[in-house]
Each structure stands twice: as structure tokens, then as C-alpha cells.
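Trainee: I'd like to ask you about the structure that follows.
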Amino acid sequence: MLTPDLRGVARQAMIDEGFDPNPDPAVRAELQNIGKHPDSGAPLRDLRNLLWSSVDNDDTRDLDQIEFAEEVSTAAVAVGSVGQVAEKPLEWRLYIAVSDVDSEAPKGSAIDAHAAAQTTTVYTGAAIFSMIPPELSAGATSMFEGADRKAVVVAMIVAADGAVKSAEIFRARVTNKAQLAYSAVGAWLDSGTATPEKISRTPQLEAQLRLQAKIAAALRKTRFDNGALEIDTVEARAVSQNGKVTAIEKWEKNAATDLIEDFMIAANGSVARFLEGRKVSSIRRIVRSPERWERIVELAKQYGRNLPPSPDAMALHDFMLERRASDPDHFPDLSLAVVKLLGPGEYILDQPGVVEPGHFGLAVQDYTHSTAPNRRYADLVTQRIVKAVLANNPPPYTDDELSAIARNCTLKEDAARKVERNVRKIAAAILFSDRIGQRFKAIVTGKKPGGTFVRVVDPPVEGMLVRGGGGVDVGDEIEVELLSTNPRRGFIDFGRVGDTPMPNPPGKR
């Protein structure tokens, strides 16, 4: 049987989930205006001399933000036994510069209309379906190394204990001095491997990144002290060449991904507080109390830990921290189960003075999405609101418009996950088609009326448990046998090892 071209599979999956992978011709016409839009916003500061850098995936082209940090105050402290004095930092200034995508994709344009309908860039491994045309997102509004870009800058004062004391938001011109990759920077920070060549050849960049790592560690400690969840999941993505599947790759966190995550959480929180302080409506990102807290309580009991009967972020944080320390090898499996049980996030309208739910997993009350306007529409909308405030202009959206945008962003984010999952399932079914009868360690990731789902630990492939699903629930670790695959439909069927086989094991769902 001929295997499907994964690029065509991905395109059809987009259409099936309500996306439009073919932008209106008017979008193409507007690309002729790149660099020609008048600038009528708040004044631009010139920060192109700072040693900005970016860290992202090795193959990323749609770079949204760059970072820079500096010490702003120190204190003299005694060291040793002979009266020596050293300087200890009291505060840092952390700059996050976010690409001014709005300047090239203004509200009301055909590009904006397409972005509003799609709401997110979808990454399938076979093809990337850009929310903003790649001529912008991977071109004129991407923070490439050496590129002169307009940006919205969040400059935060961070205390040595990791508390964000204040933040200033303004527009500026910036230039990325070093475009770096998670893999190389993470290995260097984590295990002290050789300094990446790009870092070693740029004066002061090594010191700059070590300073950023120190600030990120302080920010992270403060979040964890407040009950943020310790999560360490392993993500999977399909790898293909010319539409043919070549592998299912693991993507794991490291010190570099943590650094950027910590910085983005701090920046997004600062933007949310900035808009709240200006009494302006905006869009918030929230994760409500866990959908299946009772199952999380059951999981904890399996490890000898009693959690409160009602959702408690700090208690869950303490449990996860304990499990990571005692069993780091299996911690990603537990993390995956907890993430599934927490349920997805959502976007909501945030009105001034109205207390909304916070973000359960991050242990933050004030959180928006503002740092990825090339990839997420909620971020682009937030950017426009911020720019209007900076220019003393009226809000660009009504509350009703923001409510509708928030709902659509939530729906399309869910749809994007389905597209990515479906393409990954088909790719996995293709790769697994010659492994019938093999056994794997797996974790139960879903239990619904329609069936029980498992994820193989290595390689990280998902499928349905069509035999032996009784008596298991999310988070259980079991051994499974591969029964059948259907590459065209993305079906992978497993049976639980030790369960009595059915006369005719299902495989043609």
C-alpha cells in the first residue's frame, strides 16, 4: 500500500479543522506594501547598540522576540575572613523586545483578516501553516540576526530574589546581534559543553547569557515558591523530507528553553499589569482549576502522598517537586499525566477592575499573551492595545470584539492541536507499520467514552488501547503490544500485555 504524502495529509487536516491554508489573493497584494506603512505611534527609542540575542529552535524562521539584561544596582558584601569586599547584585534590568508585527499587518488589512480567522501558526512537521504570511513572519517582521526592527519593549526591574518590582513599556528600534539555538545553548548551560562558536566569537555575549541565566533562575525560584508546577514533559514531532516520514523526534526541555519560558512569563505578566493599571480591557490567558483533580489526588496516593480534596496549586507543586527529586527518569511520564488532567487553557476578556481566574499551572494571577505576535493572534491584538495606550489613542477594540476574538482563539488553538496530533498519528502509523507484535512501555494519556488512549514512552507515539482498557486510567504505566496500524487514517491499536486476547483483535476502526 502506498504511503500518503505527509504534506497533503497536513493540508487536508487543516481544512478539516476549519483552517484556510490558502490566503485570499488580497493578502498577496498587500505584501507589496512591506516597509511602506506610515508610522504614527509613540516615538521610537534607539536601542540598536545593546547586545540583543535570541534563542529558539534550530530551524525557527519566525522569530518574535530578543533579550538583553544588565545589572542596575549592587551592594558591597564582606567575603572571607580578612575583610575582603565583593559586589553583590541587588537588581537587574531585563529587556524583552517583541517584534512590532502590527506595523506591517495593520488592523483592518487583508493580512489582519486572515490572521484573525486562523489565530495561530500551525506546525505539523511536514509543513508550517503561517498565521501571518512568511514574507512577514519569516521575513520583514522576524527578528533575524543583523536585522533592524521596530519593537515593543518590556523593560523589567528584577530584584535579586526574582520579584519583578516594576516594568516600563515603550517602542524602540533594535537589532539582534546573535541568533542562537536551544540545543547548543541548552547543552552549554546544562552540562558545560564547549562554548558555542557563535557565542565565543561575539565579545561579552558569554557574560550576557550567563547573566540572563542567573536572572531566569531567580524568576523561576520565585514562581515555584508561589506554587508554579514543576513540569517536564517530552513532546514529539513528525520529521519528514519531501512529504515522506523519516522519524518521530523527541523534544525535551533544557536550560535554554527554561530561560526563555521564564522571561516570557515575566514579560506577559508585566504587560497584563500594565494594561490593568491603565484601566484598559484586554485578553487574558487562563487555566482554570483542574478538570480532574480527583484523579490527580488518586495518582498522588499511588506515590504515598495525600493531596487536599479541593484543587491546591501549592500542594500539587510540592508533590511534583518531590517526585522529580526521587524519580527523575519517570518524572516526564507523571508530568504528561498531570498536564492532561489539568485541562487546556483558554482566552477570555479581561475588563478593568474585574477579578478573573489566574493561571493555575503558572501560579500567576496576571497573565496575557503578548510575546509572539508573528504566531498568535491574541498576541497581535494585545500589541495593538499596548501601542494605543502608549500613543494616548482610544482602544482599538470594543469589549464585544475582544470577547469574540478570545473565543475564536481558544477554538482555533484546540483545532491546531488536533491538526498537529492527527498528522503526528499518521506519521507514527507509517513508521510503526512494520513493528506489529512488538511490545512497549506506555502511559495512559486519555480515557473517554470513545476509548482509552496510551502513549509509548520511546518513541513517543500515541494510539488506542483496544484490548485491556478496563481498570486503567490516566497516568497508569502499562506494557502494551502493537496489534495493528492504519497509516491512511492514523490508527495505531495496542493491546495491554497480560490481558486475554480477543478472537479477532480490532484494528480496522
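Chain identifiers are assigned as A, B, and so on, following the order in which chains appear in the C-alpha cells; residues are numbered from 1 within each chain, and ligands are numbered from 1 in order of appearance.
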List the neighbours of Leu63 (chain A) out to 9 Å using only C-alpha atoms; skip same-chain residues closer than 2 positions along the sequence, and give me the result as a PyMOL selection string.
Mentor: chain A and resi 54-56+60-61+65-66+99+137-138+141-144+372+374
Trainee: Output C-alpha atoms for every residue in that selection, as a short mmCIF file (atom, residue, chain, number, x, y, z; two decimals), in the first residue's frame.
Mentor:
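Once written, part_37.cif looks like this:
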data_model
loop_
_atom_site.label_atom_id
_atom_site.label_comp_id
_atom_site.auth_asym_id
_atom_site.auth_seq_id
_atom_site.Cartn_x
_atom_site.Cartn_y
_atom_site.Cartn_z
CA SER A 54 17.55 35.38 20.54
CA VAL A 55 17.27 31.71 21.50
CA ASP A 56 14.78 29.49 19.68
CA THR A 60 12.90 28.60 13.51
CA ARG A 61 12.36 31.38 10.99
CA GLN A 65 11.50 38.40 20.44
CA ILE A 66 15.05 39.14 21.56
CA SER A 99 8.65 42.44 17.03
CA SER A 137 6.61 36.32 9.87
CA ALA A 138 9.73 34.67 8.46
CA THR A 141 8.82 41.12 10.97
CA SER A 142 11.15 38.31 12.08
CA MET A 143 13.97 39.24 14.48
CA PHE A 144 16.73 37.84 12.28
CA ALA A 372 4.60 36.04 19.88
CA ASN A 374 4.01 36.57 14.41
#
Trainee: Can you pull out the residues contacting region 37-42 of chain A? Cut-off 12 Å, using only C-alpha atoms, and skip same-chain residues under 6 positions away; I want them as a ChimeraX atom specification.
Mentor: /A:30-31,100-106,109,150-152,169-172,383-393
Trainee: Excluding Ile96 (chain A) and any residue of its chain fewer than 2 positions from it, enumerate the residues within 6 Å of it, using only C-alpha atoms, and give them as a ChimeraX atom specification.
Mentor: /A:66-67,153-154
Trainee: Show which residues sit within 9 Å of Thr202 (chain A), as a PyMOL selection string. Count only C-alpha atoms, and ignore same-chain residues fewer than 5 positions away.
Mentor: chain A and resi 177-178+197
Trainee: Compare A:Gly227, A:Pro133, A:Gly108, A:Gly353 by their minimum atom-to-atom distance to Ala313 (chain A), counting only C-alpha atoms, and give me the closest one.
Mentor: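 That would be A:Gly227, the residue with the smallest distance to Ala313 (chain A).
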Trainee: A:Thr3, A:Ala116, A:Phe274, A:Glu235: which is nearest Arg375 (chain A), counting only C-alpha atoms?
Mentor: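 Comparing A:Thr3, A:Ala116, A:Phe274, A:Glu235 against Arg375 (chain A), the winner is A:Ala116.
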Trainee: For region 180-192 of chain A, list every protein, DNA or RNA residue within 7 Å, evaluated using only C-alpha atoms, and leave out those in the same chain fewer than 3 positions away; present the list as an NGL selection string.
Mentor: :A and (54-58 or 195-196 or 254-257)
Trainee: Which residues come within 8 Å of Phe331 (chain A), counting only C-alpha atoms, excluding same-chain residues fewer than 5 positions away, as a list in words?
Mentor: Asp232, Arg323 and Arg324 of chain A
Trainee: I need the residues of region 358-414 of chain A that end up classed as alpha helix (DSSP H) by DSSP on the backbone, written out as a ChimeraX atom specification.
Mentor: /A:377-390,399-414
Trainee: Give me the residues within 7 Å of Pro23 (chain A) as a list of chain:residue names, counting only C-alpha atoms and dropping any in the same chain fewer than 3 places off.
Mentor: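 The contact residues come out as A:Asp20, A:Val27, A:His114.
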Trainee: Please write the residues from the selection above to a file, keeping C-alpha atoms, as an mmCIF file, in the first residue's frame.
Mentor:
data_model
loop_
_atom_site.group_PDB
_atom_site.id
_atom_site.type_symbol
_atom_site.label_atom_id
_atom_site.label_comp_id
_atom_site.auth_asym_id
_atom_site.auth_seq_id
_atom_site.Cartn_x
_atom_site.Cartn_y
_atom_site.Cartn_z
ATOM 1 C CA ASP A 20 -7.791 28.085 5.388
ATOM 2 C CA VAL A 27 -3.199 39.151 1.186
ATOM 3 C CA HIS A 114 -6.633 36.197 7.535
#
Trainee: For each of A:Arg210, A:Arg223, A:Arg45, A:Arg488, take the minimum atom-to-atom distance to Ala428 (chain A), counting only C-alpha atoms, then give the residue where this is smallest.
Mentor: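 Smallest distance to Ala428 (chain A) is found for A:Arg488.
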Trainee: Between CA of Thr445 (chain A) and CA of Asp473 (chain A), what is the distance, to one decimal in Å?
Mentor: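 We find that CA of Thr445 (chain A) and CA of Asp473 (chain A) lie 7.9 Å from each other.
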Trainee: Can I get the residues of region 192-306 of chain A within 12 Å of region 404-408 of chain A, each with the closest pair of atoms and their distance in Å to one decimal, using only C-alpha atoms, sorted chain first then ascending number, as a Markdown table?
Mentor:
| residue | atom | partner | partner_atom | distance |
| --- | --- | --- | --- | --- |
| A:Ser282 | CA | A:Ala406 | CA | 9.6 |
| A:Ile283 | CA | A:Ala406 | CA | 6.6 |
| A:Arg284 | CA | A:Ala406 | CA | 8.3 |
| A:Arg285 | CA | A:Ala406 | CA | 9.0 |
| A:Ile286 | CA | A:Ala406 | CA | 11.2 |
Trainee: Can you tell me how far CA of Gln12 (chain A) sits from CA of Ser130 (chain A), in Å to one decimal?
Mentor: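 So the two atoms, CA of Gln12 (chain A) and CA of Ser130 (chain A), lie 15.3 Å apart.
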